[in-house]
file protein18.txt (compact mmCIF, C-alpha atoms)
# COMPACT_ATOMS: atom_id res chain seq x y z
CA MET A 164 120.48 135.67 97.26
CA ALA A 165 118.32 132.93 95.84
CA SER A 166 119.28 131.60 92.44
CA SER A 167 116.87 132.07 89.56
CA ASP A 168 115.14 129.14 87.92
CA GLU A 169 117.37 129.51 84.89
CA GLU A 170 120.53 129.31 86.99
CA LEU A 171 119.28 126.28 88.86
CA VAL A 172 118.25 124.60 85.61
CA ALA A 173 121.68 125.23 84.12
CA ARG A 174 123.38 123.75 87.18
CA SER A 175 120.98 120.81 87.19
CA MET A 176 121.85 120.11 83.58
CA GLY A 177 125.45 119.97 84.66
CA GLY A 178 124.56 117.15 87.03
CA ASP A 179 123.96 119.14 90.20
CA LEU A 180 121.14 117.26 91.88
CA ASP A 181 120.86 119.72 94.76
CA SER A 182 120.04 122.48 92.32
CA PHE A 183 117.27 120.41 90.84
CA ASN A 184 115.95 119.68 94.29
CA GLN A 185 115.86 123.41 94.96
CA LEU A 186 113.64 123.74 91.92
CA VAL A 187 111.47 120.93 93.24
CA LEU A 188 111.14 122.66 96.58
CA ARG A 189 110.27 125.93 94.87
CA TRP A 190 107.64 124.49 92.55
CA GLU A 191 106.15 121.50 94.31
CA ARG A 192 103.28 123.41 95.88
CA PRO A 193 102.16 125.25 92.71
CA ILE A 194 102.41 122.01 90.74
CA TYR A 195 100.42 120.09 93.33
CA ALA A 196 97.85 122.91 93.45
CA LEU A 197 97.52 122.86 89.67
CA ALA A 198 97.03 119.08 89.60
CA TYR A 199 94.57 119.22 92.48
CA ARG A 200 92.45 121.92 90.86
CA VAL A 201 92.44 120.14 87.51
CA ILE A 202 91.59 116.62 88.71
CA GLY A 203 90.10 117.43 92.08
CA ARG A 204 91.59 114.51 94.00
CA GLU A 205 94.20 114.88 96.68
CA GLU A 206 96.07 111.61 96.41
CA GLU A 207 96.09 111.54 92.65
CA ALA A 208 97.19 115.17 92.52
CA ARG A 209 100.13 114.29 94.73
CA ASP A 210 101.06 111.41 92.45
CA VAL A 211 100.79 113.64 89.41
CA ALA A 212 103.00 116.27 91.05
CA GLN A 213 105.60 113.67 91.91
CA GLU A 214 105.55 112.21 88.43
CA THR A 215 105.90 115.71 86.98
CA PHE A 216 109.23 116.22 88.72
CA LEU A 217 110.47 112.78 87.80
CA ARG A 218 109.66 113.37 84.15
CA ALA A 219 111.17 116.82 84.25
CA PHE A 220 114.36 115.42 85.73
CA ARG A 221 114.61 112.70 83.13
CA ALA A 222 113.86 115.08 80.28
CA LEU A 223 115.96 117.96 81.56
CA SER A 224 118.50 117.63 78.77
CA GLY A 225 115.65 118.24 76.31
CA PHE A 226 114.64 121.49 77.97
CA LYS A 227 115.90 124.18 75.64
CA GLY A 228 114.72 127.15 77.62
CA GLN A 229 112.35 128.59 75.00
CA ALA A 230 109.67 128.76 77.67
CA LYS A 231 110.02 129.42 81.38
CA PHE A 232 110.91 126.40 83.47
CA SER A 233 107.63 126.80 85.37
CA SER A 234 105.64 126.81 82.12
CA TRP A 235 107.43 123.65 81.09
CA LEU A 236 106.50 122.04 84.42
CA TYR A 237 102.91 123.21 84.05
CA ARG A 238 102.73 121.66 80.61
CA ILE A 239 104.02 118.32 81.90
CA THR A 240 101.51 118.46 84.75
CA LEU A 241 98.59 119.22 82.47
CA ASN A 242 99.57 116.37 80.16
CA LEU A 243 99.73 113.99 83.11
CA CYS A 244 96.35 115.22 84.36
CA ARG A 245 94.85 114.63 80.92
CA ASP A 246 96.37 111.16 80.78
CA TRP A 247 94.96 110.39 84.20
CA MET A 248 91.47 111.59 83.28
CA ARG A 249 91.56 109.67 80.02
CA LYS A 250 92.83 106.52 81.69
CA GLU A 251 90.40 106.68 84.56
CA ARG A 252 87.61 108.02 82.38
CA ARG A 253 86.85 110.38 85.14
CA THR A 254 85.79 113.95 85.34
CA PRO A 255 87.10 116.16 88.08
CA VAL A 256 85.30 116.02 91.35
CA SER A 257 84.71 118.39 94.14
CA GLN A 258 86.36 116.48 96.94
CA ALA A 259 85.45 118.90 99.71
CA PRO A 260 84.12 117.07 102.75
CA GLU A 261 80.48 117.53 103.69
CA GLY A 262 81.10 118.63 107.24
CA ILE A 263 83.18 121.49 108.52
CA ASP A 264 86.21 120.48 110.51
CA ILE A 265 86.44 123.09 113.23
CA ILE A 266 90.00 122.17 114.17
CA GLU A 267 91.19 122.42 110.58
CA LEU A 268 89.27 125.63 110.21
CA ALA A 269 90.86 127.10 113.29
CA GLY A 270 94.26 126.40 111.76
CA GLU A 271 93.35 128.37 108.69
CA ALA A 272 91.74 131.22 110.55
CA THR A 273 92.84 134.70 109.69
CA PRO A 274 93.16 137.34 112.39
CA ASN A 275 89.97 139.23 113.32
CA GLU A 276 87.76 136.60 111.71
CA THR A 277 84.76 135.27 113.56
CA ILE A 278 83.70 131.62 113.57
CA GLU A 279 80.70 132.50 111.39
CA GLN A 280 82.93 134.21 108.86
CA MET A 281 85.31 131.26 108.81
CA VAL A 282 82.52 128.76 108.25
CA GLY A 283 81.03 130.99 105.56
CA ARG A 284 84.38 131.25 103.81
CA LYS A 285 84.78 127.49 103.87
CA GLU A 286 81.34 126.93 102.44
CA LEU A 287 81.97 129.43 99.69
CA GLY A 288 85.18 127.63 98.82
CA ARG A 289 83.25 124.41 98.55
CA ALA A 290 80.65 126.01 96.30
CA VAL A 291 83.42 127.37 94.05
CA SER A 292 85.03 123.95 93.91
CA LYS A 293 81.74 122.40 92.78
CA ALA A 294 81.16 125.09 90.20
CA MET A 295 84.66 124.64 88.80
CA ALA A 296 84.26 120.86 88.63
CA ALA A 297 81.21 121.33 86.43
CA LEU A 298 83.17 123.27 83.78
CA PRO A 299 84.50 121.73 80.56
CA GLU A 300 88.19 120.92 80.87
CA GLU A 301 89.40 123.70 78.53
CA GLN A 302 87.55 126.42 80.41
CA ARG A 303 88.57 125.08 83.77
CA THR A 304 92.23 124.86 82.76
CA ALA A 305 92.21 128.39 81.37
CA ILE A 306 90.72 129.77 84.59
CA ILE A 307 93.12 127.82 86.78
CA LEU A 308 96.21 128.92 84.87
CA LYS A 309 95.14 132.56 84.80
CA GLU A 310 93.46 132.93 88.16
CA TYR A 311 95.65 130.80 90.40
CA HIS A 312 98.98 130.75 88.59
CA GLY A 313 99.00 134.21 87.09
CA LEU A 314 100.09 133.18 83.61
CA THR A 315 99.64 135.69 80.83
CA PHE A 316 97.12 135.03 78.08
CA GLN A 317 100.02 134.47 75.71
CA GLU A 318 101.67 131.92 78.01
CA ILE A 319 98.39 130.05 78.35
CA ALA A 320 97.88 130.13 74.60
CA ASP A 321 101.39 128.71 74.06
CA MET A 322 100.87 126.05 76.67
CA LEU A 323 97.50 124.95 75.38
CA ASP A 324 98.48 125.35 71.73
CA CYS A 325 95.56 127.57 70.87
CA PRO A 326 95.09 131.18 69.72
CA LEU A 327 95.12 134.04 72.19
CA SER A 328 91.49 134.91 71.45
CA THR A 329 90.46 131.32 72.25
CA VAL A 330 92.05 131.58 75.67
CA LYS A 331 90.16 134.80 76.40
CA THR A 332 86.89 133.31 75.17
CA ARG A 333 87.35 130.18 77.30
CA LEU A 334 88.10 132.33 80.30
CA TYR A 335 85.12 134.55 79.77
CA GLN A 336 82.77 131.63 79.20
CA GLY A 337 84.16 129.74 82.16
CA LEU A 338 83.86 132.69 84.51
CA SER A 339 80.28 133.34 83.34
CA VAL A 340 79.32 129.72 84.01
CA VAL A 341 80.94 129.77 87.45
CA ARG A 342 79.12 132.99 88.23
CA LYS A 343 75.77 131.47 87.27
CA GLN A 344 76.49 128.29 89.20
CA LEU A 345 77.33 130.29 92.29
CA GLU A 346 74.21 132.39 91.93
CA ALA A 347 72.15 129.21 91.57
CA ALA A 348 73.78 127.95 94.77
CA GLY A 349 72.69 131.11 96.53
CA VAL A 350 76.13 132.73 96.52
CA SER A 351 76.18 136.41 95.72
CA SER A 352 78.77 139.14 96.02
CA ASP A 353 77.23 139.94 99.42
CA SER A 354 78.36 136.51 100.60
CA LEU A 355 81.89 137.86 100.79
CA GLY A 356 80.89 139.85 103.79
CA LYS A 357 81.36 143.21 102.21
CA MET B 35 75.76 142.62 75.83
CA CYS B 36 78.06 143.96 73.20
CA GLU B 37 80.81 141.90 71.58
CA SER B 38 83.61 142.96 73.86
CA LYS B 39 84.19 139.90 76.05
CA GLU B 40 87.89 139.74 75.14
CA TRP B 41 88.21 143.31 76.29
CA VAL B 42 86.32 142.58 79.51
CA VAL B 43 88.55 139.61 80.32
CA GLY B 44 91.72 141.48 79.39
CA TYR B 45 90.69 144.44 81.52
CA LEU B 46 89.57 142.18 84.36
CA TYR B 47 93.00 140.57 84.61
CA ASP B 48 94.90 143.68 83.66
CA ASP B 49 96.42 141.75 80.77
CA ILE B 50 95.72 144.31 78.10
CA GLY B 51 97.68 146.95 76.17
CA ASP B 52 97.49 150.60 77.13
CA ASP B 53 95.61 151.57 73.99
CA GLU B 54 93.07 148.80 74.51
CA ARG B 55 92.64 149.73 78.14
CA ARG B 56 91.89 153.33 77.30
CA ALA B 57 89.51 152.29 74.56
CA PHE B 58 87.67 149.91 76.88
CA GLU B 59 87.40 152.51 79.64
CA ALA B 60 85.92 154.89 77.13
CA HIS B 61 83.52 152.15 76.05
CA MET B 62 82.47 151.43 79.62
CA ALA B 63 81.64 155.04 80.15
CA VAL B 64 78.78 154.61 77.70
CA CYS B 65 78.01 150.87 78.07
CA GLY B 66 76.22 149.92 81.27
CA ASP B 67 76.15 146.23 80.34
CA CYS B 68 79.92 145.99 80.14
CA ARG B 69 80.25 147.90 83.39
CA ASP B 70 77.87 145.50 85.16
CA GLU B 71 79.59 142.54 83.56
CA LEU B 72 82.94 143.70 84.85
CA ILE B 73 81.60 144.18 88.38
CA ALA B 74 79.98 140.73 88.36
CA LEU B 75 83.15 139.07 87.08
CA ARG B 76 85.25 140.82 89.70
CA ALA B 77 82.96 139.37 92.36
CA THR B 78 83.34 135.94 90.77
CA ARG B 79 87.11 136.33 90.91
CA GLN B 80 86.87 137.11 94.59
CA HIS B 81 84.83 133.96 95.08
CA LEU B 82 87.40 131.96 93.16
CA SER B 83 90.10 133.13 95.54
CA LEU B 84 88.38 131.17 98.31
CA TRP B 85 89.11 127.84 96.67
CA SER B 86 92.43 126.54 97.88
CA PRO B 87 93.84 123.03 97.73
CA PRO B 88 94.16 121.14 101.00
CA ALA B 89 97.45 121.67 102.76
CA ARG B 90 99.72 118.68 102.27
CA ASP B 91 103.18 117.82 103.33
CA LEU B 92 104.84 117.16 99.99
CA GLY B 93 108.60 117.14 100.53
CA PHE B 94 109.48 115.67 97.14
CA ARG B 95 113.11 115.02 96.50
CA VAL B 96 114.79 113.52 93.50
CA VAL B 97 117.53 111.03 94.31
CA ARG B 98 119.86 109.14 92.04
CA ASP B 99 119.09 105.53 91.20
CA ASP B 100 122.11 104.22 93.02
CA ALA B 101 121.04 106.01 96.19
CA VAL B 102 117.75 104.22 96.50
CA ALA B 103 116.88 100.61 96.92
CA GLN B 104 115.51 99.24 93.70
CA PRO B 105 112.29 97.60 94.70
CA ALA B 106 111.88 95.68 91.51
CA ARG B 107 115.16 93.93 92.11
CA VAL B 108 114.72 93.21 95.78
CA LEU B 109 112.30 90.62 96.91
CA PRO B 110 110.42 91.28 100.09
CA MET B 111 111.77 89.20 103.00
CA ARG B 112 108.73 86.91 103.02
CA SER B 113 109.14 86.13 99.34
CA ARG B 114 112.81 85.46 99.78
CA TRP B 115 112.11 82.99 102.55
CA THR B 116 109.36 81.42 100.49
CA ALA B 117 111.73 81.06 97.57
CA ALA B 118 114.46 79.57 99.74
CA PHE B 119 112.08 77.11 101.36
CA GLY B 120 110.64 76.24 97.98
CA LEU B 121 114.09 75.60 96.62
CA ALA B 122 115.08 73.46 99.59
CA ALA B 123 111.84 71.50 99.42
CA ALA B 124 112.30 70.96 95.69
CA ALA B 125 115.86 69.77 96.25
CA VAL B 126 114.78 67.31 98.94
CA LEU B 127 111.97 66.00 96.76
CA VAL B 128 114.21 65.57 93.75
CA LEU B 129 116.85 63.87 95.86
CA ALA B 130 114.28 61.53 97.39
CA ALA B 131 112.81 60.73 94.00
CA ALA B 132 116.23 60.14 92.49
CA THR B 133 117.21 57.91 95.40
CA ALA B 134 114.02 55.94 95.08
CA ILE B 135 114.45 55.54 91.34
CA ALA B 136 118.07 54.54 91.67
CA ASN B 137 117.27 52.31 94.63
CA LEU B 138 120.48 53.54 96.15
CA GLU B 139 121.94 51.45 98.90
CA ILE B 140 125.02 52.39 100.83
CA ARG B 141 126.39 49.92 103.29
CA TYR B 142 129.54 49.79 105.27
CA ASP B 143 130.21 46.63 107.19
CA ALA B 144 132.82 44.03 107.72
CA ASN B 145 132.89 43.51 103.99
CA GLY B 146 133.83 47.10 103.42
CA LEU B 147 131.98 49.90 101.67
CA VAL B 148 129.25 48.77 99.36
CA VAL B 149 127.39 51.20 97.16
CA ARG B 150 124.62 49.68 95.13
CA THR B 151 122.03 51.11 92.78
CA GLY B 152 119.35 49.55 90.62
CA TRP B 153 116.47 47.24 91.36
CA SER B 154 118.25 43.96 91.04
CA ARG B 155 118.91 42.20 94.29
CA PRO B 156 122.52 41.86 95.23
CA SER B 157 124.03 38.72 93.93
CA SER B 158 125.72 36.37 96.26
CA GLU B 159 129.01 37.19 94.56
CA VAL B 160 128.66 40.85 95.19
CA ALA B 161 127.37 40.31 98.67
CA GLY B 162 130.21 38.01 99.28
CA VAL B 163 132.83 40.32 97.98
CA ALA B 164 135.24 40.98 100.67
CA ALA B 165 138.69 42.09 100.96
CA PRO B 166 140.65 38.95 100.32
CA SER B 167 143.34 40.18 102.50
CA GLY B 168 144.82 43.33 103.83
CA ASN B 169 143.18 46.75 103.57
CA VAL B 170 142.44 46.79 99.86
CA ALA B 171 138.94 48.11 99.28
CA PRO B 172 136.59 45.50 97.96
CA VAL B 173 135.61 46.58 94.52
CA SER B 174 133.95 44.20 92.13
CA ALA B 175 133.28 44.69 88.45
CA GLY B 176 129.59 45.15 89.22
CA THR B 177 130.32 47.86 91.78
CA ASN B 178 132.36 49.86 89.30
CA GLU B 179 129.45 49.85 86.92
CA ASP B 180 127.09 50.93 89.68
CA VAL B 181 129.39 53.74 90.69
CA ALA B 182 129.51 54.92 87.09
CA GLN B 183 125.71 54.85 86.93
CA LEU B 184 125.54 56.70 90.17
CA LYS B 185 127.85 59.38 88.82
CA VAL B 186 125.62 59.78 85.80
CA ARG B 187 122.54 60.07 88.02
CA LEU B 188 124.27 62.53 90.29
CA THR B 189 125.13 64.67 87.30
CA GLU B 190 121.51 64.54 86.23
CA LEU B 191 120.44 65.41 89.72
CA GLU B 192 122.73 68.43 89.78
CA ARG B 193 121.24 69.60 86.52
CA VAL B 194 117.75 69.18 87.90
CA LEU B 195 118.70 71.06 91.04
CA ALA B 196 120.26 73.85 89.03
CA ARG B 197 117.06 74.46 87.04
CA PRO B 198 114.66 75.59 89.77
CA SER B 199 117.21 78.00 91.21
CA ALA B 200 117.46 79.75 87.84
CA GLY B 201 113.67 80.02 87.84
CA VAL B 202 113.69 81.69 91.21
CA ILE B 203 116.17 84.28 90.10
CA GLN B 204 114.02 85.03 87.10
CA ALA B 205 110.99 85.32 89.27
CA ALA B 206 112.86 87.61 91.59
CA SER B 207 113.70 89.99 88.83
CA GLY B 208 110.51 89.24 86.98
CA PRO B 209 107.52 91.59 87.20
CA ARG B 210 108.76 95.05 87.97
CA MET B 211 106.57 97.38 89.94
CA SER B 212 106.46 101.00 88.84
CA ASP B 213 107.31 103.79 91.32
CA THR B 214 103.72 104.99 91.28
CA GLU B 215 102.33 101.53 91.94
CA LEU B 216 104.83 100.97 94.69
CA LEU B 217 104.03 104.32 96.28
CA GLN B 218 100.32 103.64 95.96
CA ARG B 219 100.81 100.28 97.62
CA VAL B 220 102.93 101.69 100.41
CA ARG B 221 100.39 104.47 100.91
CA THR B 222 97.52 102.00 101.06
CA MET B 223 99.46 99.91 103.55
CA LEU B 224 100.21 102.98 105.64
CA GLY B 225 96.57 104.06 105.47
CA ASP B 226 95.44 100.60 106.55
CA ALA B 227 97.96 100.52 109.37
CA GLU B 228 96.89 103.97 110.48
CA SER B 229 93.21 103.09 110.50
CA ARG B 230 93.99 99.85 112.35
CA GLN B 231 95.99 101.80 114.87
CA GLN B 232 93.19 104.33 115.29
CA THR B 233 90.67 101.55 115.82
CA ALA B 234 92.96 99.90 118.33
CA VAL B 235 93.49 103.17 120.20
CA THR B 236 89.75 103.85 120.23
CA LYS B 237 89.06 100.36 121.56
CA ARG B 238 91.74 100.75 124.17
CA LEU B 239 90.36 104.11 125.25
CA LEU B 240 86.89 102.65 125.48
CA GLN B 241 88.27 99.78 127.51
CA VAL B 242 90.09 102.17 129.83
CA VAL B 243 86.93 104.23 130.33
CA GLN B 244 84.90 101.11 131.02
CA ASP B 245 87.54 99.78 133.41
CA PHE B 246 87.65 103.11 135.17
CA ASP B 247 83.86 103.14 135.56
CA ARG B 248 83.82 99.61 136.85
CA GLN B 249 86.63 100.31 139.26
CA ARG B 250 84.90 103.45 140.49
CA GLU B 251 81.65 101.60 141.05
CA SER B 252 83.50 98.84 142.84
CA ASP B 253 85.37 101.36 145.02
CA MET B 254 82.18 103.19 145.83
CA ALA B 255 80.51 99.95 146.83
CA LEU B 256 83.50 99.07 149.03
CA ILE B 257 83.43 102.48 150.69
CA GLN B 258 79.71 102.19 151.17
CA ARG B 259 80.12 98.78 152.70
CA GLY B 260 83.00 99.98 154.86
CA LEU B 261 81.00 102.91 156.11
CA GLY B 262 78.03 100.66 156.79
CA THR B 263 80.22 98.21 158.67
CA TYR B 264 81.85 100.96 160.61
CA GLN B 265 78.48 102.47 161.42
CA GLY B 266 77.14 99.02 162.37
CA LEU B 267 80.14 98.40 164.57
CA THR B 268 79.80 101.76 166.23
CA ASN B 269 76.13 101.20 166.95
CA ALA B 270 76.88 97.76 168.32
CA GLU B 271 79.65 99.17 170.57
CA ILE B 272 77.36 101.90 171.84
CA ALA B 273 74.66 99.34 172.58
CA THR B 274 77.22 97.16 174.40
CA ASN B 275 78.52 100.10 176.42
CA ARG B 276 74.97 101.10 177.27
CA ASP B 277 74.21 97.58 178.37
CA MET B 278 77.35 97.51 180.49
CA LEU B 279 76.46 100.83 182.09
CA ASN B 280 72.93 99.66 182.78
CA GLN B 281 74.37 96.52 184.29
CA LEU B 282 76.71 98.59 186.47
CA TYR B 283 73.82 100.84 187.55
CA ARG B 284 71.77 97.82 188.39
CA VAL B 285 74.62 96.24 190.39
CA ALA B 286 75.35 99.50 192.19
CA ALA B 287 71.67 99.97 193.01
CA ARG B 288 71.47 96.47 194.42
CA GLN B 289 74.53 97.06 196.60
CA GLU B 290 73.06 100.35 197.93
CA LYS B 291 69.95 98.51 198.98

call {"tool": "encode", "arguments": {"input": "protein18.txt", "output": "structure tokens"}}
result
Amino acid sequence: MASSDEELVARSMGGDLDSFNQLVLRWERPIYALAYRVIGREEEARDVAQETFLRAFRALSGFKGQAKFSSWLYRITLNLCRDWMRKERRTPVSQAPEGIDIIELAGEATPNETIEQMVGRKELGRAVSKAMAALPEEQRTAIILKEYHGLTFQEIADMLDCPLSTVKTRLYQGLSVVRKQLEAAGVSSDSLGK
Amino acid sequence: MCESKEWVVGYLYDDIGDDERRAFEAHMAVCGDCRDELIALRATRQHLSLWSPPARDLGFRVVRDDAVAQPARVLPMRSRWTAAFGLAAAAVLVLAAATAIANLEIRYDANGLVVRTGWSRPSSEVAGVAAPSGNVAPVSAGTNEDVAQLKVRLTELERVLARPSAGVIQAASGPRMSDTELLQRVRTMLGDAESRQQTAVTKRLLQVVQDFDRQRESDMALIQRGLGTYQGLTNAEIATNRDMLNQLYRVAARQEK
């Protein structure tokens, strides 16, 4: 049976490097995904993810367990993303390539999906990426944490140090803007092929 | 739209208390705007689910400091060679300069070992110093002084030689490169190497295709020529045979007459 995060953290604190590496293996993809969605750049997101684990490892003794280990990692990642954006004076970008790579697409194909559906799905993803990149950082972060990482409103509020109602407002406003952006781009609920 | 966006969002993500949920459902029963809003936001959420980060091979692993090479403390091989050559060159230069300044002269001849420094020409006494008898080394008062000077200069020289080597060690452990910078650099180098390799492979492929085309054309021409020759030969042989037959007919006809 797989050990829980708490167990692995406790063992890591005792100097067990393998336990920490199990945590890395468990969380590297979500952390990379978070960084990628926040800053929108593949290479930089990878660097941020790597730095997150290094910092977590170095600061492990300071982790008191008030929050979940994953929330702690998310917080480190978001701080690093903010630092990167401040340092680079950059806003997130939609890094989706212009063309559609058929080979890549074929690898991601789901069963019973036609080529047209696959291409449509890819294009929709690109439109979403662009719409998200246009959002203010607070709204984008709230949507990412809720939508893609499944955090509760309270967890997001704790992580972003803001009231619960602010999180909900940011989410609502962000979703409304994304909806309008997608509509402006010609994407409607029918585009989902339903 | 009524002021219930927190409700809508809470209901949308099912992150709402039971009482609130029931209250909002009751509200939706009478509020078409909120109903439509909820439907539209659900569609937006479905759209959002289509945005996924590119698949990447991450494979992070934390290792202890003593298990990894410490790049900041290890000079690349090229730099090490550069430093060594620099040090050697500096040593040679300093030695040459010191020798020139000291005007060092070492001579071993019938008069024995003579070590002389300084710019003054050797006096006839010194030059004429020789072992009066036996194997006693010829040492004059002047030579002793020169040897002492030489010792002093050698000490100075050693000091001078010691200085640049300390500088190299400092340089070696001087500017430290952060992990991120190092990774970035390695990644850039890998990217460059990859693109160079791709270009090389593309060029090679192009070359192979061109070579193949040329070879095919050349082979076709050879075959064509061969066929032509063969055909030409065959025609010539037929003509010869026909001539021979005609000749035979003519001879036979003459004999019959």

call {"tool": "closest_residue", "arguments": {"input": "protein18.txt", "among": "A:Thr304, A:Ser328, A:Gln229, A:Asn242", "to": "chain B", "atoms": "all atoms listed in the file"}}
result
A:Ser328

call {"tool": "closest_atom_pairs", "arguments": {"input": "protein18.txt", "of": "chain B", "to": "chain A", "cutoff": "6 Å", "atoms": "only C-alpha atoms", "output": "JSON lines"}}
result
{"residue": "B:Glu40", "atom": "CA", "partner": "A:Lys331", "partner_atom": "CA", "distance": 5.6}
{"residue": "B:Ala77", "atom": "CA", "partner": "A:Ser352", "partner_atom": "CA", "distance": 5.6}
{"residue": "B:Thr78", "atom": "CA", "partner": "A:Arg342", "partner_atom": "CA", "distance": 5.7}
{"residue": "B:Leu84", "atom": "CA", "partner": "A:Gly288", "partner_atom": "CA", "distance": 4.8}
{"residue": "B:Trp85", "atom": "CA", "partner": "A:Gly288", "partner_atom": "CA", "distance": 4.5}
{"residue": "B:Pro87", "atom": "CA", "partner": "A:Ala196", "partner_atom": "CA", "distance": 5.9}
{"residue": "B:Arg95", "atom": "CA", "partner": "A:Asn184", "partner_atom": "CA", "distance": 5.9}

call {"tool": "atom_distance", "arguments": {"input": "protein18.txt", "atom1": "CA of Asp179 (chain A)", "atom2": "CA of Cys244 (chain A)"}}
result
28.5 Å

call {"tool": "atom_distance", "arguments": {"input": "protein18.txt", "atom1": "CA of Phe226 (chain A)", "atom2": "CA of Asp91 (chain B)"}}
result
28.1 Å

call {"tool": "atom_distance", "arguments": {"input": "protein18.txt", "atom1": "CA of Met62 (chain B)", "atom2": "CA of Tyr47 (chain B)"}}
result
15.9 Å

call {"tool": "residues_near_point", "arguments": {"input": "protein18.txt", "point": "(106.2, 121.6, 84.8)", "cutoff": "10 Å", "atoms": "all atoms listed in the file", "output": "list in words"}}
result
Val187, Trp190, Glu191, Pro193, Ile194, Ala212, Thr215, Phe216, Arg218, Ala219, Lys231, Phe232, Ser233, Ser234, Trp235, Leu236, Tyr237, Arg238, Ile239, Thr240, Leu241 and Asn242 of chain A

call {"tool": "closest_residue", "arguments": {"input": "protein18.txt", "among": "B:Leu72, B:Ala227, B:Ala286, B:Leu188", "to": "Ser38 (chain B)", "atoms": "all atoms listed in the file"}}
result
B:Leu72
